[in-house]
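As provided, query36.cif (mmCIF, C-alpha atoms and all ligand atoms) reads as follows.
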```
data_data
#
loop_
_atom_site.label_atom_id
_atom_site.label_comp_id
_atom_site.auth_asym_id
_atom_site.auth_seq_id
_atom_site.Cartn_x
_atom_site.Cartn_y
_atom_site.Cartn_z
CA MET C 27 -3.02 -18.47 15.01
CA THR C 28 -2.61 -14.84 16.07
CA GLN C 29 -5.80 -12.84 15.57
CA VAL C 30 -5.10 -9.28 14.42
CA LEU C 31 -7.62 -6.49 14.27
CA VAL C 32 -6.44 -3.76 11.92
CA PHE C 33 -8.08 -0.38 12.41
CA PHE C 34 -8.41 2.15 9.58
CA ASP C 35 -10.50 5.24 10.25
CA ARG C 36 -11.23 5.46 6.54
CA VAL C 37 -10.80 3.15 3.57
CA VAL C 38 -11.22 4.52 0.05
CA ASP C 39 -11.09 2.66 -3.25
CA HIS C 40 -7.39 1.87 -2.94
CA LEU C 41 -4.97 1.15 -0.10
CA THR C 42 -2.62 3.92 0.99
CA PRO C 43 1.03 2.83 1.36
CA ALA C 44 0.64 2.87 5.18
CA GLN C 45 -2.46 0.66 4.95
CA ALA C 46 -0.75 -1.79 2.60
CA GLU C 47 2.18 -1.95 5.02
CA LEU C 48 -0.06 -2.66 8.00
CA LEU C 49 -1.81 -5.46 6.17
CA THR C 50 1.61 -6.88 5.29
CA HIS C 51 2.55 -6.81 9.00
CA ALA C 52 -0.79 -8.42 9.90
CA ASP C 53 -0.43 -11.11 7.24
CA ALA C 54 3.00 -12.02 8.63
CA LEU C 55 1.57 -12.27 12.16
CA GLY C 56 -1.61 -14.24 11.53
CA GLU C 57 -5.14 -13.61 10.33
CA ALA C 58 -6.51 -10.10 10.10
CA VAL C 59 -9.94 -8.57 10.33
CA VAL C 60 -10.12 -4.92 9.30
CA VAL C 61 -12.33 -2.55 11.25
CA ALA C 62 -13.11 0.57 9.22
CA GLY C 63 -14.79 3.78 10.32
CA SER C 64 -15.92 4.55 6.80
CA LEU C 65 -15.92 2.23 3.81
CA PRO C 66 -17.32 3.05 0.38
CA PRO C 67 -18.62 0.09 -1.71
CA ALA C 68 -15.29 -0.11 -3.54
CA GLY C 69 -13.47 -0.17 -0.19
CA ALA C 70 -14.06 -3.88 0.37
CA GLU C 71 -12.37 -4.56 -2.99
CA ALA C 72 -9.38 -2.51 -1.89
CA LEU C 73 -9.17 -4.80 1.14
CA ALA C 74 -9.11 -7.97 -0.98
CA VAL C 75 -5.65 -8.75 0.30
CA HIS C 76 -4.07 -11.99 1.48
CA GLY C 77 -4.53 -12.43 5.24
CA VAL C 78 -7.68 -10.28 5.50
CA THR C 79 -10.52 -12.59 6.48
CA GLY C 80 -13.27 -10.05 7.09
CA VAL C 81 -14.22 -6.41 7.47
CA LEU C 82 -16.23 -4.80 10.27
CA THR C 83 -17.83 -1.38 10.03
CA GLY C 84 -20.33 0.63 12.06
CA ALA C 85 -24.04 0.91 11.37
CA ASP C 86 -23.18 4.07 9.42
CA SER C 87 -19.99 5.88 8.46
CA ILE C 88 -18.01 7.21 11.40
CA TYR C 89 -15.45 9.87 10.59
CA ALA C 90 -12.44 10.98 12.64
CA PRO C 91 -12.28 12.56 15.17
CA ASP C 92 -15.61 11.08 16.29
CA PRO C 93 -15.06 9.27 19.63
CA ALA C 94 -17.45 6.60 18.31
CA LEU C 95 -14.45 5.24 16.37
CA ALA C 96 -13.12 3.96 19.70
CA ASP C 97 -16.53 2.39 20.44
CA LEU C 98 -16.29 0.64 17.08
CA VAL C 99 -12.86 -0.79 17.94
CA VAL C 100 -14.15 -1.92 21.35
CA ALA C 101 -17.19 -3.60 19.77
CA ALA C 102 -14.98 -5.31 17.19
CA ALA C 103 -12.64 -6.52 19.96
CA ALA C 104 -15.65 -7.96 21.84
CA GLU C 105 -16.62 -9.88 18.68
CA LEU C 106 -13.18 -11.27 17.91
CA ASP C 107 -11.10 -11.34 21.09
CA PRO C 108 -7.96 -10.38 19.09
CA ASP C 109 -4.36 -10.73 20.28
CA LEU C 110 -3.32 -7.51 18.56
CA ILE C 111 -5.09 -4.33 17.50
CA LEU C 112 -2.99 -2.37 15.03
CA GLY C 113 -3.43 0.95 13.26
CA PRO C 114 -1.32 3.45 11.32
CA ASP C 115 0.57 6.01 13.40
CA THR C 116 -1.64 8.99 12.58
CA PRO C 117 -3.09 11.45 15.11
CA ASP C 118 -6.67 10.30 14.47
CA THR C 119 -5.77 6.65 14.94
CA VAL C 120 -3.70 7.35 18.06
CA ASP C 121 -6.75 9.21 19.43
CA ALA C 122 -9.17 6.36 18.65
CA LEU C 123 -6.89 3.56 19.90
CA SER C 124 -5.99 5.48 23.08
CA ARG C 125 -9.68 5.71 23.97
CA ALA C 126 -10.20 2.07 23.03
CA ALA C 127 -7.20 0.99 25.16
CA VAL C 128 -8.72 2.70 28.21
CA ALA C 129 -12.10 1.06 27.59
CA LEU C 130 -10.46 -2.37 27.10
CA ASP C 131 -8.04 -1.87 30.01
CA ALA C 132 -5.30 -2.89 27.59
CA GLY C 133 -1.76 -1.74 26.75
CA LEU C 134 -1.02 0.69 23.93
CA ILE C 135 2.27 1.42 22.17
CA THR C 136 2.23 4.38 19.80
CA GLY C 137 4.85 4.98 17.10
CA ALA C 138 6.00 1.35 17.15
CA ASN C 139 8.45 -0.02 14.58
CA GLY C 140 7.24 -3.58 14.94
CA VAL C 141 5.12 -5.94 17.04
CA THR C 142 5.05 -9.64 17.77
CA GLY C 143 2.13 -11.97 18.19
CA SER C 144 3.07 -12.46 21.86
CA GLY C 145 2.23 -8.87 22.75
CA SER C 146 5.53 -7.03 22.56
CA GLY C 147 6.41 -4.03 20.47
CA THR C 148 9.62 -2.24 19.49
CA LYS C 149 9.97 1.50 19.37
CA SER C 150 12.74 4.06 18.82
CA VAL C 151 12.94 6.63 21.61
CA LEU C 152 15.03 9.65 22.61
CA ALA C 153 15.29 11.01 19.08
CA GLY C 154 16.07 7.60 17.64
CA SER C 155 19.12 7.01 19.83
CA TRP C 156 17.59 3.98 21.64
CA ARG C 157 15.49 1.09 20.47
CA THR C 158 13.23 -0.28 23.18
CA THR C 159 11.09 -3.38 23.43
CA ALA C 160 7.94 -3.23 25.57
CA GLN C 161 5.82 -6.17 26.65
CA ILE C 162 2.24 -5.84 27.85
CA SER C 163 1.85 -7.14 31.36
CA GLU C 164 -1.94 -7.47 31.48
CA ASP C 165 -4.17 -10.00 29.81
CA GLY C 166 -5.89 -8.63 26.79
CA PRO C 167 -4.78 -7.40 23.41
CA LEU C 168 -1.78 -5.22 22.65
CA LEU C 169 -2.85 -2.07 20.83
CA ALA C 170 -0.17 -0.44 18.69
CA THR C 171 0.17 2.24 16.05
CA LEU C 172 2.91 1.44 13.56
CA ARG C 173 5.11 3.98 11.87
CA PRO C 174 5.30 3.99 8.09
CA ASN C 175 8.27 2.40 6.29
CA THR C 176 8.64 -0.38 8.85
CA ALA C 177 7.78 -3.15 6.36
CA SER C 178 7.87 -3.46 2.60
CA GLN C 179 4.38 -3.48 1.13
CA GLN C 180 3.58 -6.92 -0.17
CA ALA C 181 -0.20 -6.83 -0.19
CA ILE C 182 -1.02 -9.96 -2.23
CA ALA C 183 -4.39 -9.92 -4.00
CA ALA C 184 -7.05 -12.24 -2.59
CA GLU C 185 -10.83 -12.64 -2.49
CA VAL C 186 -13.02 -9.71 -1.49
CA PRO C 187 -13.67 -10.14 2.25
CA GLU C 188 -17.15 -10.22 3.73
CA VAL C 189 -18.28 -6.93 5.30
CA VAL C 190 -20.29 -7.08 8.53
CA ALA C 191 -21.85 -3.99 10.15
CA LEU C 192 -21.75 -3.74 13.95
CA GLU C 193 -24.37 -1.85 15.88
CA VAL C 194 -22.19 1.18 16.52
CA ALA C 195 -23.40 4.53 15.24
CA ALA C 196 -21.64 7.85 14.75
CA SER C 197 -22.03 10.03 17.84
CA SER C 198 -23.73 13.40 17.75
CA ALA C 199 -20.54 14.90 19.22
CA VAL C 200 -19.06 15.38 15.77
CA GLU C 201 -20.85 16.53 12.66
CA ILE C 202 -19.01 16.72 9.34
CA LEU C 203 -20.26 19.88 7.68
CA GLU C 204 -18.14 19.90 4.56
CA GLU C 205 -15.32 17.89 3.04
CA THR C 206 -12.81 19.32 0.60
CA GLU C 207 -10.43 17.00 -1.19
CA LEU C 208 -7.04 18.64 -1.50
CA PRO C 209 -5.61 18.74 -5.02
CA PRO C 210 -3.07 15.92 -5.47
CA SER C 211 0.47 17.26 -5.15
CA GLY C 212 1.88 14.58 -7.41
CA ARG C 213 4.34 13.73 -4.65
CA PRO C 214 4.10 11.05 -1.98
CA ASP C 215 3.00 12.01 1.51
CA LEU C 216 6.04 13.16 3.52
CA THR C 217 5.54 10.80 6.49
CA GLU C 218 4.87 7.78 4.27
CA ALA C 219 7.40 8.40 1.48
CA SER C 220 10.14 5.84 0.95
CA THR C 221 12.45 8.60 -0.31
CA VAL C 222 12.66 12.12 1.12
CA VAL C 223 14.68 15.04 -0.24
CA ALA C 224 15.02 17.59 2.56
CA PHE C 225 16.54 21.03 2.24
CA GLY C 226 17.68 23.76 4.57
CA ARG C 227 19.09 27.27 4.63
CA GLY C 228 21.73 26.26 2.09
CA VAL C 229 19.28 26.46 -0.82
CA GLU C 230 18.73 30.18 -0.05
CA GLY C 231 15.08 30.02 -1.07
CA ASP C 232 15.70 28.60 -4.55
CA LEU C 233 13.88 25.25 -4.64
CA ARG C 234 14.36 24.44 -8.33
CA LEU C 235 17.17 21.92 -7.87
CA VAL C 236 15.68 20.11 -4.86
CA GLU C 237 12.32 19.95 -6.64
CA GLN C 238 13.96 18.47 -9.75
CA LEU C 239 15.84 15.93 -7.64
CA ALA C 240 12.64 14.96 -5.80
CA GLU C 241 10.87 14.67 -9.14
CA GLU C 242 13.50 12.30 -10.54
CA LEU C 243 13.41 10.14 -7.41
CA GLY C 244 9.65 10.21 -6.88
CA ALA C 245 10.47 11.61 -3.45
CA ALA C 246 8.61 13.78 -0.96
CA LEU C 247 10.07 17.18 -0.07
CA GLY C 248 10.96 17.93 3.54
CA ALA C 249 12.71 20.91 5.08
CA SER C 250 14.52 22.26 8.12
CA ARG C 251 12.83 24.74 10.41
CA VAL C 252 14.91 27.57 8.98
CA ALA C 253 13.45 26.81 5.54
CA THR C 254 9.85 26.58 6.76
CA ASP C 255 10.19 29.68 8.97
CA ALA C 256 11.48 31.56 5.93
CA GLY C 257 8.28 30.62 4.10
CA TRP C 258 10.08 28.66 1.36
CA ILE C 259 7.71 25.74 1.93
CA ASP C 260 4.69 25.05 4.13
CA HIS C 261 5.30 24.33 7.82
CA SER C 262 3.82 20.85 7.34
CA ALA C 263 7.08 19.96 5.53
CA GLN C 264 9.23 20.64 8.60
CA VAL C 265 11.18 17.58 9.68
CA GLY C 266 12.44 17.46 13.24
CA GLN C 267 11.66 17.71 16.91
CA THR C 268 8.90 20.26 16.41
CA GLY C 269 7.94 19.03 12.98
CA VAL C 270 7.19 15.61 11.57
CA THR C 271 9.23 12.47 12.14
CA VAL C 272 10.15 10.57 9.01
CA SER C 273 11.87 7.25 8.55
CA PRO C 274 12.17 6.70 4.80
CA GLN C 275 14.43 4.14 3.18
CA LEU C 276 16.45 7.04 1.70
CA TYR C 277 16.79 10.56 3.18
CA ILE C 278 18.78 13.09 1.17
CA SER C 279 19.75 16.11 3.27
CA VAL C 280 20.64 19.15 1.18
CA GLY C 281 22.16 22.29 2.73
CA ILE C 282 21.05 21.33 6.25
CA SER C 283 23.56 21.58 9.10
CA GLY C 284 22.07 18.61 10.99
CA ALA C 285 21.29 20.27 14.32
CA VAL C 286 20.00 17.93 17.03
CA HIS C 287 16.45 19.24 16.58
CA GLN C 288 16.49 18.31 12.88
CA ARG C 289 18.13 14.93 13.53
CA ALA C 290 15.37 14.03 15.98
CA GLY C 291 12.99 13.77 13.06
CA MET C 292 15.06 11.78 10.55
CA GLN C 293 17.90 9.82 12.07
CA THR C 294 16.09 6.48 11.95
CA SER C 295 16.00 6.75 8.13
CA GLY C 296 17.41 3.71 6.33
CA THR C 297 20.16 5.42 4.35
CA ILE C 298 21.10 9.05 4.92
CA VAL C 299 22.90 10.99 2.21
CA ALA C 300 24.13 14.46 3.17
CA ILE C 301 25.22 17.24 0.84
CA ASN C 302 26.85 20.17 2.59
CA LYS C 303 29.70 22.51 1.71
CA ASP C 304 31.01 22.46 5.28
CA GLU C 305 32.93 19.26 5.97
CA ASP C 306 32.44 19.81 9.73
CA ALA C 307 28.64 20.02 9.49
CA PRO C 308 27.11 17.76 12.20
CA VAL C 309 24.92 16.04 9.63
CA PHE C 310 27.98 14.09 8.46
CA GLU C 311 28.11 12.37 11.88
CA ILE C 312 24.93 10.44 11.05
CA ALA C 313 25.21 10.29 7.25
CA ASP C 314 25.85 6.96 5.53
CA PHE C 315 27.14 8.84 2.49
CA GLY C 316 28.37 12.41 2.50
CA VAL C 317 29.21 14.80 -0.31
CA VAL C 318 31.22 17.86 0.71
CA GLY C 319 30.41 20.44 -1.91
CA ASP C 320 28.22 23.28 -3.06
CA LEU C 321 24.70 21.97 -3.68
CA ASN C 322 24.53 24.10 -6.81
CA ASP C 323 27.37 21.98 -8.25
CA VAL C 324 26.38 18.62 -6.76
CA LEU C 325 22.62 18.50 -7.43
CA PRO C 326 22.79 19.16 -11.21
CA GLN C 327 25.24 16.26 -11.53
CA MET C 328 22.94 13.96 -9.53
CA ILE C 329 19.91 14.99 -11.58
CA ASP C 330 21.78 14.51 -14.88
CA GLU C 331 23.01 11.09 -13.80
CA LEU C 332 19.52 9.99 -12.71
CA ARG C 333 18.08 11.14 -16.06
CA ARG C 334 20.88 9.42 -17.96
CA ARG C 335 20.23 6.13 -16.14
CA LYS C 336 16.53 6.40 -16.80
CA GLY C 337 17.36 6.89 -20.47
C1 LIG C 401 13.15 23.90 20.59
C2 LIG C 401 13.64 23.86 19.18
C3 LIG C 401 13.01 23.05 18.26
C4 LIG C 401 13.48 22.97 16.95
N1 LIG C 401 12.85 22.15 16.06
C5 LIG C 401 13.37 22.00 14.84
C6 LIG C 401 12.80 21.09 13.90
O1 LIG C 401 11.79 20.43 14.16
N2 LIG C 401 13.39 20.95 12.70
C7 LIG C 401 14.51 21.66 12.34
O2 LIG C 401 15.00 21.48 11.22
N3 LIG C 401 15.03 22.55 13.18
C8 LIG C 401 14.50 22.75 14.42
N4 LIG C 401 15.05 23.65 15.25
C9 LIG C 401 16.10 24.52 14.73
C10 LIG C 401 17.45 23.82 14.67
O3 LIG C 401 18.09 23.91 15.93
C11 LIG C 401 18.35 24.46 13.62
O4 LIG C 401 18.46 25.84 13.89
C12 LIG C 401 17.85 24.25 12.20
O5 LIG C 401 17.60 22.90 11.95
C13 LIG C 401 18.92 24.75 11.22
O6 LIG C 401 18.40 24.69 9.91
P1 LIG C 401 19.42 24.56 8.69
O7 LIG C 401 20.28 23.38 8.87
O8 LIG C 401 18.60 24.69 7.46
O9 LIG C 401 20.24 25.92 8.80
P2 LIG C 401 21.73 26.15 9.26
O10 LIG C 401 22.00 25.59 10.59
O11 LIG C 401 22.00 27.59 9.05
O12 LIG C 401 22.61 25.30 8.25
C14 LIG C 401 22.65 25.52 6.88
C15 LIG C 401 23.65 24.53 6.31
O13 LIG C 401 23.68 24.66 4.92
C16 LIG C 401 25.03 24.54 4.48
N5 LIG C 401 25.14 25.26 3.20
C17 LIG C 401 24.99 26.59 2.99
N6 LIG C 401 25.08 26.86 1.67
C18 LIG C 401 25.31 25.68 1.04
C19 LIG C 401 25.52 25.32 -0.31
N7 LIG C 401 25.49 26.22 -1.30
N8 LIG C 401 25.74 24.01 -0.60
C20 LIG C 401 25.78 23.06 0.39
N9 LIG C 401 25.60 23.37 1.71
C21 LIG C 401 25.36 24.66 2.02
C22 LIG C 401 25.87 25.17 5.59
O14 LIG C 401 27.20 24.68 5.57
C23 LIG C 401 25.07 24.74 6.83
O15 LIG C 401 25.58 23.51 7.36
C24 LIG C 401 14.59 23.75 16.55
C25 LIG C 401 15.21 24.59 17.48
C26 LIG C 401 14.75 24.64 18.77
C27 LIG C 401 15.45 25.55 19.77
#
```
Please re-express this file's structure in structure tokens.
Ligand SMILES: Cc1cc2nc3c(=O)[nH]c(=O)nc-3n(C[C@H](O)[C@H](O)[C@H](O)COP(=O)(O)OP(=O)(O)OC[C@H]3O[C@@H](n4cnc5c(N)ncnc54)[C@H](O)[C@@H]3O)c2cc1C
Amino acid sequence: MTQVLVFFDRVVDHLTPAQAELLTHADALGEAVVVAGSLPPAGAEALAVHGVTGVLTGADSIYAPDPALADLVVAAAAELDPDLILGPDTPDTVDALSRAAVALDAGLITGANGVTGSGSGTKSVLAGSWRTTAQISEDGPLLATLRPNTASQQAIAAEVPEVVALEVAASSAVEILEETELPPSGRPDLTEASTVVAFGRGVEGDLRLVEQLAEELGAALGASRVATDAGWIDHSAQVGQTGVTVSPQLYISVGISGAVHQRAGMQTSGTIVAINKDEDAPVFEIADFGVVGDLNDVLPQMIDELRRRKG
């Protein structure tokens, strides 16, 4: 059976959607052991998921970006000799698994869409226009970070796994001085959301309709660079070549022309719906459904219909 090591830099008292997805991938591939940089007592209960047979931590909590996280992964790999080492596609995890891959002399695929137990991974490249499959050529595990929304979350409840501490300590290179929990936005994280409502110059700075639509759909809000540069929303919401890459099941593009730099960050989305008053807007070339019309006419009708269906 394929042995999968799943790395999470931090586990809290519940699984994030990306963590639940990874455990679903791992469960489909074989048996999983989670290696966690930090794990509160309730964390082991959060990991009581079918397919998870154990949890490894360090001698104390190790927080990103401490390079000791890579040491932890290496120590866990020495214990288990896994076929695969998987993690979510976040900068901290890419950092830790890159260091671990060097130490293990093993292959790493970042931003993968899927992996197999025989050491190959698939990945979209060149702004989503090609899908590649890579196979590791060396002995040793395949390390891969997996993008969100590549599997449906089916974390099935199971017994609380045993937690074993390895003799890996936090390094003195990083000291956490203070932690501030950001207030919950009430919306899903943009990179993990299954539905994204993204807006561009067409909204002319008035976000009321896109916010209402996102609210009705439980969607995250994204934006074009024009919208973030104008200060209508934080730069972290920028989708595209120089922003974040998203791949939700549903991407609704509102008043965005669909320039190549914007498309680079969203064209692998499952279903793309575009609303634009210009029928020649490039976004319609990649849209599954297009509405040619003024967003100020179209969005109120969508919002009304969603509310009507919800009763
Ligand atoms: C190196 C580089 C990197 C870049 N990186 C990014 C990036 O990461 N992300 C990104 O988004 N851009 C990026 N850009 C910018 C990108 O090229 C475009 O300029 C930008 O995406 C355009 O934003 P927009 O579609 O909101 O605006 P516009 O191109 O001005 O389009 C606005 C659209 O709204 C429509 N519209 C207007 N009013 C309405 C209405 N009432 N109802 C319906 N539709 C309406 C118009 O028909 C038009 O199609 C980058 C550019 C460069 C050079």
Protein and nucleic residues near ligand LIG 401 (chain C), 9 Å, all atoms listed in the file, as a PyMOL selection string: chain C and resi 225-230+249-254+264-271+280-291+301-309+317-324
Straight-line distance linking atom CA of C:Glu164 with atom CA of C:Gln45, stated in Å to one decimal: 27.8 Å
Near-C:Pro91 list (12 Å; all atoms listed in the file; drop same-chain fewer than 3 positions) as a list in words: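 Contacts, in chain order: Asp35, Arg36, Gly63, Ile88, Ala94, Leu95, Ala96, Thr116, Pro117, Asp118, Thr119, Val120, Asp121, Ala122, Leu123, Arg125, Ala196, Ser197, Ser198, Ala199, Val200, Glu201 and Ile202 of chain C.
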Among listed residues C:Val299, C:Val61, C:Ala74, C:Ala183, nearest C:Glu105 (using all atoms listed in the file):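 Closest residue, counting all atoms listed in the file: C:Val61.
Among C:Leu168, C:Leu73, C:Val81, C:Leu41, the residue with the shortest atom-to-atom distance to C:Glu185, counting all atoms listed in the file, is C:Leu73.
Distance-wise, atom CA of C:Ser273 and atom CA of C:Thr294 end up 5.5 Å apart.
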Nearby residues (all atoms listed in the file) at most 10 Å from C:Ser150, same-chain spacing under 6 positions excluded, as a ChimeraX atom specification: /C:137-139,156-159,294
Length of the atom CA of C:Glu218 to atom CA of C:Met328 vector [Å]: 23.6 Å
Option closest in space to C:Val141, from C:Ala52, C:Leu98, C:Ala126, C:Ala184 [counting all atoms listed in the file]: C:Ala52
C:Asp165, C:Glu188, C:Asp115, C:Glu207 ranked by distance to C:Thr83, top pick (using only C-alpha atoms):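 Nearest candidate to C:Thr83 out of C:Asp165, C:Glu188, C:Asp115, C:Glu207: C:Glu188.
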Residues within 9 Å of (-0.5, -9.9, 25.6), counting all atoms listed in the file, listed as a PyMOL selection string: chain C and resi 109-110+132-133+143-146+161-168
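Closest approach to C:Arg234 among C:Gly80, C:Pro93, C:Gly140, C:Pro326: C:Pro326, based on all atoms listed in the file.
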Neighbours of point (-12.0, -4.3, 7.2) within 9 Å, using only C-alpha atoms, written as a VMD selection string: chain C and resid 31 to 34 37 58 to 62 65 69 to 70 73 78 to 83 187 to 190
Exercise: C:Ile298 partners within 7 Å, only C-alpha atoms, chain neighbours under 2 positions left out, as a PyMOL selection string: chain C and resi 276-278+295-296+300+313-315
Enclosing box along x, y and z for every listed atom of stretch 163-175 of chain C, padded 5 Å each side, centre and size in Å, one decimal, as JSON:
```
{"center_x": 1.2, "center_y": -3.0, "center_z": 18.9, "size_x": 24.2, "size_y": 24.0, "size_z": 35.2}
```
Nearest residue to C:Leu325 from the set C:Ser279, C:Gln29, C:Ser124, C:Ser178 (distances using only C-alpha atoms):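 With only C-alpha atoms as the atom set, the closest residue is C:Ser279.
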Spatial neighbours of C:Leu55, 8 Å, all atoms listed in the file, chain gap at least 2 places, as a PyMOL selection string: chain C and resi 28+30+51-53+57+142-143
Can you patch up stretch 221-233 of chain C, filling it in to N, CA and C atoms, and show the result as a JSON list (two decimals), in the frame of the given file?
```json
[["chain", "number", "residue", "atom", "x", "y", "z"],
["C", 221, "THR", "N", 11.29, 7.74, -0.07],
["C", 221, "THR", "CA", 12.45, 8.60, -0.31],
["C", 221, "THR", "C", 12.06, 10.04, 0.02],
["C", 222, "VAL", "N", 12.91, 10.72, 0.76],
["C", 222, "VAL", "CA", 12.66, 12.12, 1.12],
["C", 222, "VAL", "C", 13.88, 12.96, 0.71],
["C", 223, "VAL", "N", 13.63, 14.05, 0.01],
["C", 223, "VAL", "CA", 14.68, 15.04, -0.24],
["C", 223, "VAL", "C", 14.37, 16.22, 0.67],
["C", 224, "ALA", "N", 15.27, 16.50, 1.60],
["C", 224, "ALA", "CA", 15.02, 17.59, 2.56],
["C", 224, "ALA", "C", 16.06, 18.68, 2.36],
["C", 225, "PHE", "N", 15.62, 19.91, 2.48],
["C", 225, "PHE", "CA", 16.54, 21.03, 2.24],
["C", 225, "PHE", "C", 16.50, 22.01, 3.40],
["C", 226, "GLY", "N", 17.58, 22.79, 3.50],
["C", 226, "GLY", "CA", 17.68, 23.76, 4.57],
["C", 226, "GLY", "C", 18.13, 25.12, 4.06],
["C", 227, "ARG", "N", 18.71, 25.90, 4.96],
["C", 227, "ARG", "CA", 19.09, 27.27, 4.63],
["C", 227, "ARG", "C", 20.00, 27.34, 3.40],
["C", 228, "GLY", "N", 20.76, 26.26, 3.18],
["C", 228, "GLY", "CA", 21.73, 26.26, 2.09],
["C", 228, "GLY", "C", 21.13, 26.53, 0.72],
["C", 229, "VAL", "N", 19.86, 26.24, 0.52],
["C", 229, "VAL", "CA", 19.28, 26.46, -0.82],
["C", 229, "VAL", "C", 18.93, 27.94, -1.04],
["C", 230, "GLU", "N", 18.97, 28.72, 0.02],
["C", 230, "GLU", "CA", 18.73, 30.18, -0.05],
["C", 230, "GLU", "C", 17.42, 30.51, -0.76],
["C", 231, "GLY", "N", 16.41, 29.69, -0.54],
["C", 231, "GLY", "CA", 15.08, 30.02, -1.07],
["C", 231, "GLY", "C", 14.85, 29.58, -2.50],
["C", 232, "ASP", "N", 15.86, 29.05, -3.16],
["C", 232, "ASP", "CA", 15.70, 28.60, -4.55],
["C", 232, "ASP", "C", 15.47, 27.08, -4.54],
["C", 233, "LEU", "N", 14.22, 26.67, -4.78],
["C", 233, "LEU", "CA", 13.88, 25.25, -4.64],
["C", 233, "LEU", "C", 14.01, 24.46, -5.94]]
```
